[in-house]
$ cat coords-v6.cif   # mmCIF, C-alpha atoms and all ligand atoms
data_final
#
loop_
_atom_site.label_atom_id
_atom_site.label_comp_id
_atom_site.auth_asym_id
_atom_site.auth_seq_id
_atom_site.Cartn_x
_atom_site.Cartn_y
_atom_site.Cartn_z
CA MET A 1 -12.80 19.35 -30.00
CA LYS A 2 -9.78 20.02 -27.78
CA LYS A 3 -9.32 17.39 -25.07
CA LYS A 4 -9.69 18.63 -21.49
CA MET A 5 -6.38 18.64 -19.60
CA ILE A 6 -5.93 18.42 -15.83
CA ARG A 7 -2.60 18.50 -13.99
CA VAL A 8 -2.29 17.85 -10.26
CA LEU A 9 0.78 18.00 -8.02
CA GLY A 10 0.64 15.21 -5.41
CA ILE A 11 2.53 15.07 -2.12
CA GLU A 12 3.12 11.86 -0.12
CA SER A 13 4.65 11.87 3.38
CA SER A 14 2.57 9.44 5.45
CA CYS A 15 5.35 7.01 6.38
CA ASP A 16 9.01 6.78 5.38
CA GLU A 17 9.00 7.98 1.78
CA THR A 18 8.81 11.63 0.84
CA SER A 19 7.48 11.92 -2.68
CA VAL A 20 6.20 14.64 -4.99
CA SER A 21 4.74 14.00 -8.42
CA ILE A 22 2.89 15.76 -11.21
CA VAL A 23 0.32 13.70 -13.09
CA GLN A 24 -1.61 14.84 -16.13
CA LYS A 25 -4.90 13.60 -17.55
CA LYS A 26 -5.73 14.60 -21.11
CA GLY A 27 -9.03 13.19 -22.29
CA GLU A 28 -8.74 9.61 -20.99
CA GLU A 29 -4.93 9.45 -21.19
CA ILE A 30 -3.01 9.52 -17.92
CA GLU A 31 0.67 10.49 -17.90
CA VAL A 32 3.10 10.72 -15.01
CA LEU A 33 5.18 13.83 -15.78
CA SER A 34 7.38 13.44 -12.71
CA ASN A 35 7.56 11.19 -9.67
CA ILE A 36 10.37 12.05 -7.27
CA VAL A 37 10.76 9.68 -4.32
CA LYS A 38 13.20 10.03 -1.43
CA SER A 39 13.22 6.97 0.80
CA GLN A 40 14.28 7.25 4.46
CA THR A 41 15.57 3.67 4.70
CA ASP A 42 19.09 4.91 5.55
CA ILE A 43 17.70 6.74 8.61
CA HIS A 44 15.49 3.97 9.99
CA GLN A 45 17.62 0.91 9.23
CA TYR A 46 19.58 1.26 12.49
CA TYR A 47 16.34 0.87 14.44
CA GLY A 48 14.79 -1.94 12.37
CA GLY A 49 11.59 0.07 11.89
CA VAL A 50 10.27 3.57 11.21
CA VAL A 51 10.93 6.08 14.02
CA PRO A 52 8.05 8.61 13.71
CA GLU A 53 9.93 11.66 15.02
CA LEU A 54 12.89 11.07 12.72
CA ALA A 55 10.55 10.43 9.80
CA ALA A 56 8.75 13.76 10.32
CA ARG A 57 12.02 15.68 10.53
CA ALA A 58 13.36 14.04 7.38
CA HIS A 59 10.16 14.88 5.46
CA SER A 60 10.35 18.50 6.56
CA ASP A 61 14.06 18.76 5.64
CA ILE A 62 13.43 17.81 2.04
CA ILE A 63 9.85 18.53 1.03
CA ASP A 64 10.53 21.95 -0.56
CA LYS A 65 13.40 20.53 -2.62
CA LEU A 66 11.28 17.64 -3.88
CA ILE A 67 8.46 20.02 -4.88
CA GLN A 68 10.94 22.01 -6.97
CA ALA A 69 12.49 18.81 -8.38
CA SER A 70 9.08 17.52 -9.47
CA LEU A 71 8.39 20.78 -11.34
CA ASP A 72 11.85 20.66 -12.93
CA GLU A 73 11.47 17.06 -14.06
CA ALA A 74 8.04 17.80 -15.55
CA ASN A 75 9.49 21.00 -17.05
CA LEU A 76 6.57 23.00 -15.72
CA SER A 77 5.94 26.06 -13.56
CA PHE A 78 3.28 26.20 -10.83
CA LYS A 79 1.09 28.15 -13.29
CA LYS A 80 0.54 24.97 -15.30
CA VAL A 81 -0.70 22.96 -12.31
CA ASP A 82 -4.45 22.98 -11.60
CA ALA A 83 -4.53 21.75 -7.98
CA ILE A 84 -2.40 20.56 -5.08
CA ALA A 85 -3.17 17.16 -3.50
CA ALA A 86 -1.55 15.82 -0.34
CA THR A 87 -1.90 12.59 1.62
CA ALA A 88 -3.88 13.57 4.72
CA GLY A 89 -4.12 10.09 6.28
CA PRO A 90 -3.91 7.39 7.38
CA GLY A 91 -0.31 7.43 8.56
CA LEU A 92 2.12 8.92 11.05
CA LEU A 93 0.84 12.29 12.24
CA GLY A 94 4.19 14.13 12.09
CA GLY A 95 4.77 13.13 8.47
CA LEU A 96 1.18 13.86 7.45
CA LEU A 97 1.45 17.35 8.97
CA VAL A 98 4.53 18.12 6.87
CA GLY A 99 2.87 17.14 3.57
CA VAL A 100 -0.52 18.66 4.38
CA VAL A 101 0.92 21.98 5.55
CA ALA A 102 3.15 22.16 2.46
CA GLY A 103 0.15 21.38 0.22
CA LYS A 104 -2.16 23.88 1.90
CA THR A 105 0.49 26.61 1.81
CA LEU A 106 1.06 26.11 -1.92
CA ALA A 107 -2.68 25.99 -2.62
CA HIS A 108 -3.26 29.19 -0.64
CA PHE A 109 -0.49 31.24 -2.23
CA LEU A 110 -1.09 29.91 -5.75
CA ASN A 111 -4.84 30.37 -5.33
CA LYS A 112 -5.49 26.78 -6.47
CA PRO A 113 -7.72 24.10 -4.94
CA PHE A 114 -6.39 21.90 -2.13
CA ILE A 115 -7.30 18.21 -2.14
CA ALA A 116 -6.83 16.01 0.94
CA VAL A 117 -6.20 12.47 -0.28
CA ASN A 118 -6.71 9.22 1.59
CA HIS A 119 -3.45 7.28 1.14
CA LEU A 120 -5.41 4.03 0.70
CA GLU A 121 -7.41 5.59 -2.15
CA GLY A 122 -4.05 6.32 -3.78
CA HIS A 123 -3.05 2.65 -3.54
CA ALA A 124 -6.52 1.55 -4.70
CA LEU A 125 -6.31 3.65 -7.88
CA SER A 126 -2.55 3.33 -8.55
CA ILE A 127 -3.04 0.64 -11.21
CA LYS A 128 -4.66 3.33 -13.42
CA LEU A 129 -1.30 5.10 -13.72
CA GLU A 130 -0.30 2.31 -16.11
CA GLN A 131 -3.38 0.62 -17.45
CA LYS A 132 -7.08 1.03 -17.97
CA ILE A 133 -9.33 -0.90 -15.62
CA ASN A 134 -13.09 -0.86 -15.20
CA TYR A 135 -14.92 -0.89 -11.87
CA PRO A 136 -15.59 -3.00 -9.91
CA TYR A 137 -12.38 -4.78 -8.95
CA LEU A 138 -10.81 -6.22 -5.81
CA LEU A 139 -7.81 -4.63 -4.09
CA LEU A 140 -5.36 -6.63 -1.98
CA LEU A 141 -3.20 -4.05 -0.24
CA VAL A 142 -0.16 -5.48 1.54
CA SER A 143 2.30 -2.90 2.86
CA GLY A 144 4.24 -2.03 6.00
CA GLY A 145 1.22 -0.31 7.52
CA HIS A 146 -1.81 -1.92 5.88
CA THR A 147 -3.17 -5.34 4.98
CA GLU A 148 -6.67 -5.43 3.59
CA PHE A 149 -9.06 -6.65 0.92
CA THR A 150 -11.32 -3.90 -0.36
CA ILE A 151 -13.86 -4.04 -3.17
CA ILE A 152 -13.39 -0.97 -5.34
CA LYS A 153 -17.00 -0.73 -6.49
CA GLY A 154 -16.50 2.66 -8.10
CA PHE A 155 -14.77 5.93 -7.35
CA ASN A 156 -15.36 6.82 -3.66
CA ASN A 157 -17.36 3.63 -3.23
CA TYR A 158 -15.30 1.14 -1.26
CA LYS A 159 -16.22 -1.95 0.75
CA ARG A 160 -13.60 -3.53 2.95
CA ILE A 161 -14.10 -7.28 3.21
CA GLY A 162 -10.95 -8.29 5.06
CA THR A 163 -8.23 -6.81 7.22
CA THR A 164 -5.58 -7.71 9.78
CA ILE A 165 -6.53 -7.81 13.42
CA ASP A 166 -2.95 -7.10 14.54
CA ASP A 167 0.25 -6.61 12.50
CA ALA A 168 0.37 -5.59 8.85
CA LEU A 169 2.02 -8.13 6.56
CA GLY A 170 5.07 -5.94 5.83
CA GLU A 171 5.41 -5.39 9.57
CA ALA A 172 5.44 -9.19 10.08
CA PHE A 173 8.26 -9.49 7.50
CA ASP A 174 10.18 -6.63 9.16
CA LYS A 175 9.77 -8.02 12.70
CA THR A 176 10.79 -11.52 11.62
CA ALA A 177 13.84 -10.10 9.83
CA ARG A 178 14.78 -8.26 13.03
CA LEU A 179 14.51 -11.50 15.03
CA LEU A 180 16.90 -13.10 12.53
CA SER A 181 19.27 -10.10 12.61
CA LEU A 182 18.65 -9.43 8.92
CA GLY A 183 18.68 -5.93 7.44
CA TYR A 184 15.89 -3.38 7.08
CA PRO A 185 13.45 -3.29 5.36
CA GLY A 186 13.00 -6.95 6.22
CA GLY A 187 10.83 -8.12 3.32
CA PRO A 188 13.50 -8.13 0.59
CA GLU A 189 16.04 -9.66 3.03
CA ILE A 190 13.68 -12.50 4.02
CA GLU A 191 12.97 -13.13 0.33
CA ARG A 192 16.69 -13.27 -0.46
CA TYR A 193 17.41 -15.71 2.38
CA ALA A 194 14.27 -17.75 1.65
CA ASN A 195 15.56 -18.52 -1.85
CA LEU A 196 18.48 -20.36 -0.23
CA GLY A 197 16.63 -22.23 2.52
CA ASP A 198 14.42 -25.25 3.20
CA LYS A 199 10.79 -24.16 3.37
CA GLU A 200 9.70 -27.38 5.10
CA LYS A 201 12.21 -27.05 7.94
CA PHE A 202 10.01 -25.27 10.50
CA LYS A 203 6.25 -25.71 11.03
CA LEU A 204 4.79 -22.32 11.86
CA PRO A 205 1.21 -21.51 12.91
CA MET A 206 -1.30 -20.01 10.49
CA PRO A 207 -3.58 -17.88 12.69
CA LEU A 208 -7.25 -17.60 11.59
CA ILE A 209 -6.63 -19.98 8.69
CA ARG A 210 -9.69 -22.11 9.45
CA GLU A 211 -12.03 -19.12 9.65
CA LYS A 212 -13.85 -18.79 6.36
CA ASN A 213 -13.31 -15.05 6.13
CA ALA A 214 -10.74 -12.74 4.61
CA HIS A 215 -9.23 -11.48 7.87
CA PHE A 216 -5.59 -11.91 8.82
CA SER A 217 -3.56 -12.23 12.00
CA PHE A 218 0.25 -12.30 12.01
CA ALA A 219 1.21 -11.62 15.63
CA GLY A 220 1.16 -15.32 16.64
CA LEU A 221 3.37 -16.21 13.71
CA LYS A 222 5.99 -13.71 14.81
CA SER A 223 5.84 -15.04 18.41
CA ALA A 224 6.36 -18.59 17.12
CA VAL A 225 9.44 -17.44 15.17
CA ALA A 226 10.74 -15.66 18.32
CA ASN A 227 10.26 -18.84 20.32
CA ILE A 228 12.21 -20.99 17.85
CA VAL A 229 14.94 -18.34 17.52
CA SER A 230 15.42 -18.36 21.31
CA LYS A 231 16.12 -22.11 21.23
CA ASN A 232 18.54 -22.15 18.30
CA ARG A 233 21.87 -20.72 17.27
CA CYS A 234 21.17 -18.07 14.66
CA THR A 235 23.56 -19.43 12.01
CA GLU A 236 23.33 -18.47 8.35
CA LYS A 237 21.73 -21.87 7.63
CA PHE A 238 19.16 -21.30 10.37
CA LYS A 239 18.33 -17.85 8.95
CA LYS A 240 17.86 -19.28 5.46
CA ASP A 241 15.63 -22.15 6.61
CA MET A 242 13.58 -19.92 8.89
CA SER A 243 13.15 -17.28 6.15
CA ALA A 244 12.02 -19.97 3.71
CA SER A 245 9.60 -21.51 6.23
CA PHE A 246 8.22 -18.09 7.17
CA GLN A 247 7.69 -17.06 3.54
CA GLU A 248 6.06 -20.40 2.72
CA THR A 249 3.66 -19.99 5.67
CA ILE A 250 2.77 -16.46 4.51
CA ASN A 251 2.16 -17.80 1.00
CA LYS A 252 -0.28 -20.39 2.31
CA ILE A 253 -2.11 -17.77 4.40
CA ILE A 254 -2.35 -15.29 1.51
CA PHE A 255 -3.50 -18.05 -0.87
CA ARG A 256 -6.30 -19.26 1.40
CA LYS A 257 -7.46 -15.79 2.48
CA THR A 258 -7.48 -14.52 -1.10
CA GLN A 259 -9.62 -17.52 -2.02
CA ASN A 260 -12.04 -16.57 0.76
CA ALA A 261 -12.01 -12.92 -0.39
CA ILE A 262 -12.83 -14.02 -3.96
CA GLY A 263 -15.83 -15.99 -2.64
CA GLU A 264 -16.98 -12.96 -0.64
CA TYR A 265 -16.51 -10.66 -3.67
CA ARG A 266 -18.59 -12.97 -5.86
CA ARG A 267 -21.37 -13.08 -3.26
CA ILE A 268 -21.48 -9.26 -3.17
CA ILE A 269 -20.78 -8.38 -6.80
CA LYS A 270 -22.98 -10.30 -9.18
CA SER A 271 -21.08 -9.88 -12.41
CA LYS A 272 -20.26 -12.20 -15.28
CA LYS A 273 -17.10 -10.22 -16.12
CA GLU A 274 -13.71 -11.72 -15.24
CA LEU A 275 -12.68 -10.72 -11.72
CA LYS A 276 -9.57 -8.53 -11.60
CA ILE A 277 -7.55 -8.34 -8.39
CA VAL A 278 -5.05 -5.52 -7.96
CA VAL A 279 -2.20 -6.34 -5.57
CA ALA A 280 -0.50 -3.20 -4.25
CA GLY A 281 1.85 -2.18 -1.42
CA GLY A 282 5.53 -2.99 -0.83
CA VAL A 283 4.97 -6.70 -0.09
CA ALA A 284 3.51 -7.11 -3.60
CA ALA A 285 7.15 -7.00 -4.75
CA ASN A 286 7.66 -10.51 -3.31
CA LYS A 287 8.16 -12.92 -6.21
CA SER A 288 7.01 -16.07 -4.42
CA ILE A 289 3.76 -14.37 -3.32
CA ARG A 290 3.25 -13.26 -6.92
CA SER A 291 3.76 -16.73 -8.31
CA SER A 292 1.50 -18.39 -5.75
CA LEU A 293 -1.25 -15.87 -6.61
CA LYS A 294 -0.79 -16.70 -10.28
CA GLN A 295 -1.55 -20.35 -9.39
CA LEU A 296 -4.68 -19.16 -7.63
CA ALA A 297 -5.68 -17.19 -10.75
CA LYS A 298 -5.74 -20.45 -12.74
CA LEU A 299 -7.81 -22.18 -10.09
CA GLU A 300 -10.33 -19.37 -9.64
CA GLY A 301 -10.50 -17.98 -13.17
CA CYS A 302 -9.49 -14.47 -12.23
CA GLU A 303 -6.64 -12.13 -13.14
CA PHE A 304 -4.10 -10.55 -10.79
CA LEU A 305 -2.71 -7.15 -11.74
CA PHE A 306 0.48 -5.83 -10.14
CA PRO A 307 1.40 -2.16 -10.54
CA SER A 308 5.13 -1.63 -11.26
CA ILE A 309 7.19 -1.68 -8.08
CA LYS A 310 7.64 2.12 -8.18
CA TYR A 311 3.83 2.51 -7.99
CA CYS A 312 3.35 -0.42 -5.54
CA THR A 313 5.41 1.27 -2.85
CA ASP A 314 4.51 4.73 -1.54
CA ASN A 315 4.67 7.40 -4.21
CA GLY A 316 3.32 10.87 -5.01
CA ALA A 317 1.96 9.81 -8.42
CA MET A 318 -0.88 7.75 -6.91
CA ILE A 319 -1.76 10.73 -4.70
CA ALA A 320 -1.78 13.10 -7.69
CA LEU A 321 -3.96 10.61 -9.58
CA ALA A 322 -6.47 10.38 -6.72
CA GLY A 323 -6.31 14.20 -6.73
CA ILE A 324 -7.24 14.26 -10.45
CA GLU A 325 -10.23 11.96 -9.84
CA ARG A 326 -11.40 14.28 -7.04
CA PHE A 327 -10.72 17.41 -9.13
CA GLU A 328 -12.94 16.03 -11.91
CA ARG A 329 -15.76 15.70 -9.40
CA ASN A 330 -15.15 19.09 -7.73
CA LYS A 331 -14.24 17.36 -4.48
CA PHE A 332 -12.01 19.97 -2.88
CA ASN A 333 -11.10 20.52 0.75
CA LYS A 334 -10.95 23.59 2.92
CA LEU A 335 -7.62 24.77 4.26
CA ASN A 336 -8.69 23.86 7.80
CA PHE A 337 -8.73 20.13 6.90
CA LYS A 338 -6.86 18.26 9.64
CA PRO A 339 -4.67 15.22 8.94
CA ARG A 340 -6.24 11.94 10.06
CA PRO A 341 -3.79 9.32 11.39
CA ARG A 342 -6.65 6.81 11.26
CA TRP A 343 -8.82 7.11 8.16
CA PRO A 344 -10.44 3.93 6.83
CA LEU A 345 -11.29 3.89 3.13
CA ASP A 346 -14.61 2.23 3.87
CA LYS A 347 -16.40 4.49 6.36
CA ASN A 348 -18.59 1.60 7.51
CA ALA A 349 -15.74 -0.84 8.16
CA ILE A 350 -15.44 -1.72 11.82
CA PHE A 351 -12.13 -1.22 13.61
CA MET A 352 -10.65 -4.71 13.84
CA LYS A 353 -7.30 -4.21 15.54
CA GLY A 354 -7.16 -6.36 18.62
CA LYS A 355 -10.57 -7.90 17.80
CA ARG A 356 -11.25 -11.49 17.02
CA ALA A 357 -12.20 -11.81 13.41
CA VAL A 358 -15.74 -13.02 13.00
CA GLU A 359 -17.59 -13.74 9.83
CA GLY A 360 -19.80 -11.03 8.34
O1 LIG B 1 4.25 0.08 0.61
P1 LIG B 1 5.55 0.22 1.33
O2 LIG B 1 6.74 0.65 0.54
O3 LIG B 1 5.45 1.23 2.50
C1 LIG B 1 4.39 1.27 3.40
O4 LIG B 1 4.46 0.52 4.38
O5 LIG B 1 3.44 2.02 3.16
O6 LIG B 1 5.82 -1.21 2.02
C2 LIG B 1 6.97 -1.44 2.77
C3 LIG B 1 6.90 -2.86 3.28
C4 LIG B 1 8.01 -3.19 4.26
O7 LIG B 1 7.44 -3.79 5.39
C5 LIG B 1 8.88 -4.15 3.48
O8 LIG B 1 9.55 -5.10 4.30
C6 LIG B 1 7.88 -4.83 2.58
O9 LIG B 1 7.00 -3.78 2.19
N1 LIG B 1 8.53 -5.41 1.40
C7 LIG B 1 8.54 -6.74 1.12
C8 LIG B 1 9.33 -6.91 -0.05
N2 LIG B 1 9.74 -5.68 -0.47
C9 LIG B 1 9.22 -4.77 0.43
N3 LIG B 1 7.99 -7.78 1.77
C10 LIG B 1 8.20 -9.02 1.27
N4 LIG B 1 8.94 -9.26 0.17
C11 LIG B 1 9.51 -8.25 -0.53
N5 LIG B 1 10.24 -8.50 -1.61
ZN ZN B 2 1.31 2.86 1.44
#

$ encode --input "coords-v6.cif" --output "structure tokens" --more "lines below"
Ligand code: KG4
Ligand code: ZN
Amino acid sequence: MKKKMIRVLGIESSCDETSVSIVQKKGEEIEVLSNIVKSQTDIHQYYGGVVPELAARAHSDIIDKLIQASLDEANLSFKKVDAIAATAGPGLLGGLLVGVVAGKTLAHFLNKPFIAVNHLEGHALSIKLEQKINYPYLLLLVSGGHTEFTIIKGFNNYKRIGTTIDDALGEAFDKTARLLSLGYPGGPEIERYANLGDKEKFKLPMPLIREKNAHFSFAGLKSAVANIVSKNRCTEKFKKDMSASFQETINKIIFRKTQNAIGEYRRIIKSKKELKIVVAGGVAANKSIRSSLKQLAKLEGCEFLFPSIKYCTDNGAMIALAGIERFERNKFNKLNFKPRPRWPLDKNAIFMKGKRAVEG
């Protein structure tokens, strides 16, 4: 019997990467035929963070070219694509509008289904671009915009068990880097400096560390760094020691909160199978976080899976893949679907920003 083949073109434009990809599923085999990514780092680096208006303009300047480039790289015409998927939230509204309008326009004129994808679902499923994994598993998403633990019980069945009540982890890295006059994005810069510094030099607070839940808070940590910076000369040595101390503090927080999340997962999911934890998002590139989680794996008897960096950071392939999963279940969207700047993966999760994290 001939294996069923599905090809979806996925568009990502929710933050500061414009990306278009074509992913194919033949039987159970998933193949990324193209994944074109244009980062806007060069535009935002002067400001030390993403400027929404500039991001939207840059997406709109390039989206049509990336769509063509993704077809060229896959060596396909539109005729061979079954559906168009676009990130419709959460993210910056201007960027989302660019990708969603491009996706809807293509779907309308090509007479193909349109699929509105939740960006977080893309991250949650991204590991499947490279390896097979069975449900359920735990997702730790740590990016510039998101920090959360979510149990991926099955497709479209998500339970968030931890989140940040203020800054995202990547944001904390970026803000700290800015305080130390390091480059943008801040994460890789902090990591580079941290390798050369003394991690015991500065004692920094670990907000919410004593609470036996999987929620995070990073705003106080950043304020503590700002306070120390204001009292010191920002020499190269100071930057190295502060980067090392900051990264070490983050490692301790992630270690403890992941331990709490594992406990919570095991209370909810009664399974004898080895727990797999997928770590996605730009911060998952950090080598010291990776190695401290590997220590935790030994302690807890679980396995951490890291998608390749190109699928950890924002990319169209994970959106196309989420599109394929939706296509298989006939989950299409009407062309009047509006982008959603706020769109939690778990519909029942309470909005925690600015709230005090409480157990349960
Ligand atoms: O997932 P991503 O590419 O974009 C979104 O935010 O969606 O994540 C970008 C974030 C930035 O905040 C960046 O500073 C952080 O990931 N990052 C890192 C490292 N590489 C990127 N943080 C810590 N260590 C790294 N090596
Ligand atoms: Zn992302």

$ residues_near_ligand --input "coords-v6.cif" --ligand "ligand ZN 2 (chain B)" --cutoff "7 Å" --atoms "only C-alpha atoms and all ligand atoms" --output "VMD selection string"
chain A and resid 119 to 120 123 143 145 281 313 to 314

$ residues_around --input "coords-v6.cif" --residues "A:Glu171" --least-positions-apart "6" --cutoff "9 Å" --atoms "all atoms listed in the file" --output "list in words"
Gly49, Ser143, Gly144, Gly145, His146, Gly186, Gly187 and Phe218 of chain A

$ closest_atom_pairs --input "coords-v6.cif" --of "chain A" --to "ligand LIG 1 (chain B)" --cutoff "10 Å" --atoms "only C-alpha atoms and all ligand atoms" --output "tab-separated table"
residue	atom	partner	partner_atom	distance
A:Ser13	CA	B:LIG1	O5	9.9
A:Ser14	CA	B:LIG1	O5	7.8
A:Cys15	CA	B:LIG1	O5	6.2
A:Asp16	CA	B:LIG1	O3	7.2
A:Glu17	CA	B:LIG1	O3	7.7
A:Ser39	CA	B:LIG1	O2	9.1
A:Gly49	CA	B:LIG1	O7	8.6
A:Val50	CA	B:LIG1	O4	9.5
A:Gly91	CA	B:LIG1	O5	8.5
A:His119	CA	B:LIG1	O5	8.9
A:Leu120	CA	B:LIG1	O5	9.4
A:His123	CA	B:LIG1	O1	8.8
A:Leu141	CA	B:LIG1	O1	8.6
A:Val142	CA	B:LIG1	O1	7.2
A:Ser143	CA	B:LIG1	O6	4.0
A:Gly144	CA	B:LIG1	O4	3.0
A:Gly145	CA	B:LIG1	O4	4.6
A:His146	CA	B:LIG1	O4	6.9
A:Thr147	CA	B:LIG1	O4	9.6
A:Ala168	CA	B:LIG1	O7	8.1
A:Leu169	CA	B:LIG1	O7	7.0
A:Gly170	CA	B:LIG1	O7	3.2
A:Glu171	CA	B:LIG1	O7	4.9
A:Ala172	CA	B:LIG1	O7	7.4
A:Phe173	CA	B:LIG1	O8	5.6
A:Asp174	CA	B:LIG1	O8	5.1
A:Lys175	CA	B:LIG1	O7	8.8
A:Thr176	CA	B:LIG1	O8	9.8
A:Ala177	CA	B:LIG1	O8	8.6
A:Gly183	CA	B:LIG1	O8	9.7
A:Tyr184	CA	B:LIG1	O8	7.1
A:Pro185	CA	B:LIG1	O8	4.4
A:Gly186	CA	B:LIG1	O8	4.4
A:Gly187	CA	B:LIG1	N3	3.3
A:Pro188	CA	B:LIG1	N5	4.0
A:Glu189	CA	B:LIG1	N5	7.5
A:Ile190	CA	B:LIG1	N4	6.9
A:Glu191	CA	B:LIG1	N4	5.6
A:Arg192	CA	B:LIG1	N5	8.1
A:Gln247	CA	B:LIG1	C10	8.4
A:Ile250	CA	B:LIG1	C10	9.8
A:Ala280	CA	B:LIG1	O1	7.5
A:Gly281	CA	B:LIG1	O1	3.9
A:Gly282	CA	B:LIG1	O6	3.4
A:Val283	CA	B:LIG1	N3	3.7
A:Ala284	CA	B:LIG1	C8	6.8
A:Ala285	CA	B:LIG1	N5	4.7
A:Asn286	CA	B:LIG1	N5	3.7
A:Lys287	CA	B:LIG1	N5	6.7
A:Ser288	CA	B:LIG1	N4	8.4
A:Ile289	CA	B:LIG1	N4	8.1
A:Arg290	CA	B:LIG1	N4	9.9
A:Ile309	CA	B:LIG1	O2	8.9
A:Lys310	CA	B:LIG1	O2	8.9
A:Tyr311	CA	B:LIG1	O1	8.9
A:Cys312	CA	B:LIG1	O1	6.2
A:Thr313	CA	B:LIG1	O2	3.7
A:Asp314	CA	B:LIG1	O2	5.1
A:Asn315	CA	B:LIG1	O2	8.5

$ closest_residue --input "coords-v6.cif" --among "A:Val20, A:Ile151, A:Val98, A:Ala107" --to "A:Asp346" --atoms "only C-alpha atoms"
A:Ile151

$ residues_around --input "coords-v6.cif" --residues "A:Met206" --least-positions-apart "6" --cutoff "9 Å" --atoms "only C-alpha atoms" --output "list of chain:residue names"
A:Ser217, A:Phe218, A:Gly220, A:Leu221, A:Thr249, A:Ile250, A:Lys252, A:Ile253

$ write_last_selection --input "coords-v6.cif" --atoms "C-alpha atoms" --output "PDB file, in the frame of the given file"
ATOM      1  CA  SER A 217      -3.560 -12.230  12.000  1.00  0.00           C
ATOM      2  CA  PHE A 218       0.250 -12.300  12.010  1.00  0.00           C
ATOM      3  CA  GLY A 220       1.160 -15.320  16.640  1.00  0.00           C
ATOM      4  CA  LEU A 221       3.370 -16.210  13.710  1.00  0.00           C
ATOM      5  CA  THR A 249       3.660 -19.990   5.670  1.00  0.00           C
ATOM      6  CA  ILE A 250       2.770 -16.460   4.510  1.00  0.00           C
ATOM      7  CA  LYS A 252      -0.280 -20.390   2.310  1.00  0.00           C
ATOM      8  CA  ILE A 253      -2.110 -17.770   4.400  1.00  0.00           C
TER       9      ILE A 253
END

$ residues_around --input "coords-v6.cif" --residues "stretch 129-139 of chain A" --least-positions-apart "5" --cutoff "7 Å" --atoms "all atoms listed in the file" --output "MDAnalysis selection string"
chainID A and resid 30 124 149:154 275:279

$ write_last_selection --input "coords-v6.cif" --atoms "C-alpha atoms" --output "mmCIF file, keeping the file's coordinate frame"
data_model
loop_
_atom_site.group_PDB
_atom_site.id
_atom_site.type_symbol
_atom_site.label_atom_id
_atom_site.label_comp_id
_atom_site.auth_asym_id
_atom_site.auth_seq_id
_atom_site.Cartn_x
_atom_site.Cartn_y
_atom_site.Cartn_z
ATOM 1 C CA ILE A 30 -3.010 9.520 -17.920
ATOM 2 C CA ALA A 124 -6.520 1.550 -4.700
ATOM 3 C CA PHE A 149 -9.060 -6.650 0.920
ATOM 4 C CA THR A 150 -11.320 -3.900 -0.360
ATOM 5 C CA ILE A 151 -13.860 -4.040 -3.170
ATOM 6 C CA ILE A 152 -13.390 -0.970 -5.340
ATOM 7 C CA LYS A 153 -17.000 -0.730 -6.490
ATOM 8 C CA GLY A 154 -16.500 2.660 -8.100
ATOM 9 C CA LEU A 275 -12.680 -10.720 -11.720
ATOM 10 C CA LYS A 276 -9.570 -8.530 -11.600
ATOM 11 C CA ILE A 277 -7.550 -8.340 -8.390
ATOM 12 C CA VAL A 278 -5.050 -5.520 -7.960
ATOM 13 C CA VAL A 279 -2.200 -6.340 -5.570
#

$ closest_residue --input "coords-v6.cif" --among "A:Gly27, A:Gly103, A:Gly197, A:Gly263" --to "A:Phe337" --atoms "only C-alpha atoms"
A:Gly103

$ closest_residue --input "coords-v6.cif" --among "A:Val117, A:Ile84, A:Leu296, A:Val8" --to "A:Trp343" --atoms "only C-alpha atoms"
A:Val117

$ closest_residue --input "coords-v6.cif" --among "A:Glu53, A:Asp82, A:Glu31, A:Asp166" --to "A:Phe327" --atoms "only C-alpha atoms"
A:Asp82

$ atom_distance --input "coords-v6.cif" --atom1 "atom CA of A:Arg7" --atom2 "atom CA of A:Arg326"
12.0 Å

$ closest_residue --input "coords-v6.cif" --among "A:Leu97, A:Leu299, A:Leu76, A:Ile11" --to "A:Phe114" --atoms "all atoms listed in the file"
A:Ile11

$ build_atoms --input "coords-v6.cif" --residues "stretch 60-66 of chain A" --atoms "N, CA and C atoms" --output "PDB file, keeping the file's coordinate frame"
ATOM      1  N   SER A  60      10.338  17.035   6.560  1.00  0.00           N
ATOM      2  CA  SER A  60      10.350  18.500   6.560  1.00  0.00           C
ATOM      3  C   SER A  60      11.663  19.053   6.007  1.00  0.00           C
ATOM      4  N   ASP A  61      12.764  18.303   6.175  1.00  0.00           N
ATOM      5  CA  ASP A  61      14.060  18.760   5.640  1.00  0.00           C
ATOM      6  C   ASP A  61      14.064  18.830   4.119  1.00  0.00           C
ATOM      7  N   ILE A  62      13.240  18.011   3.490  1.00  0.00           N
ATOM      8  CA  ILE A  62      13.430  17.810   2.040  1.00  0.00           C
ATOM      9  C   ILE A  62      12.228  18.175   1.176  1.00  0.00           C
ATOM     10  N   ILE A  63      11.090  18.401   1.812  1.00  0.00           N
ATOM     11  CA  ILE A  63       9.850  18.530   1.030  1.00  0.00           C
ATOM     12  C   ILE A  63       9.920  19.652  -0.014  1.00  0.00           C
ATOM     13  N   ASP A  64      10.483  20.815   0.383  1.00  0.00           N
ATOM     14  CA  ASP A  64      10.530  21.950  -0.560  1.00  0.00           C
ATOM     15  C   ASP A  64      11.403  21.617  -1.767  1.00  0.00           C
ATOM     16  N   LYS A  65      12.490  20.882  -1.510  1.00  0.00           N
ATOM     17  CA  LYS A  65      13.400  20.530  -2.620  1.00  0.00           C
ATOM     18  C   LYS A  65      12.720  19.549  -3.577  1.00  0.00           C
ATOM     19  N   LEU A  66      11.952  18.623  -3.013  1.00  0.00           N
ATOM     20  CA  LEU A  66      11.280  17.640  -3.880  1.00  0.00           C
ATOM     21  C   LEU A  66      10.167  18.292  -4.704  1.00  0.00           C
TER      22      LEU A  66
END
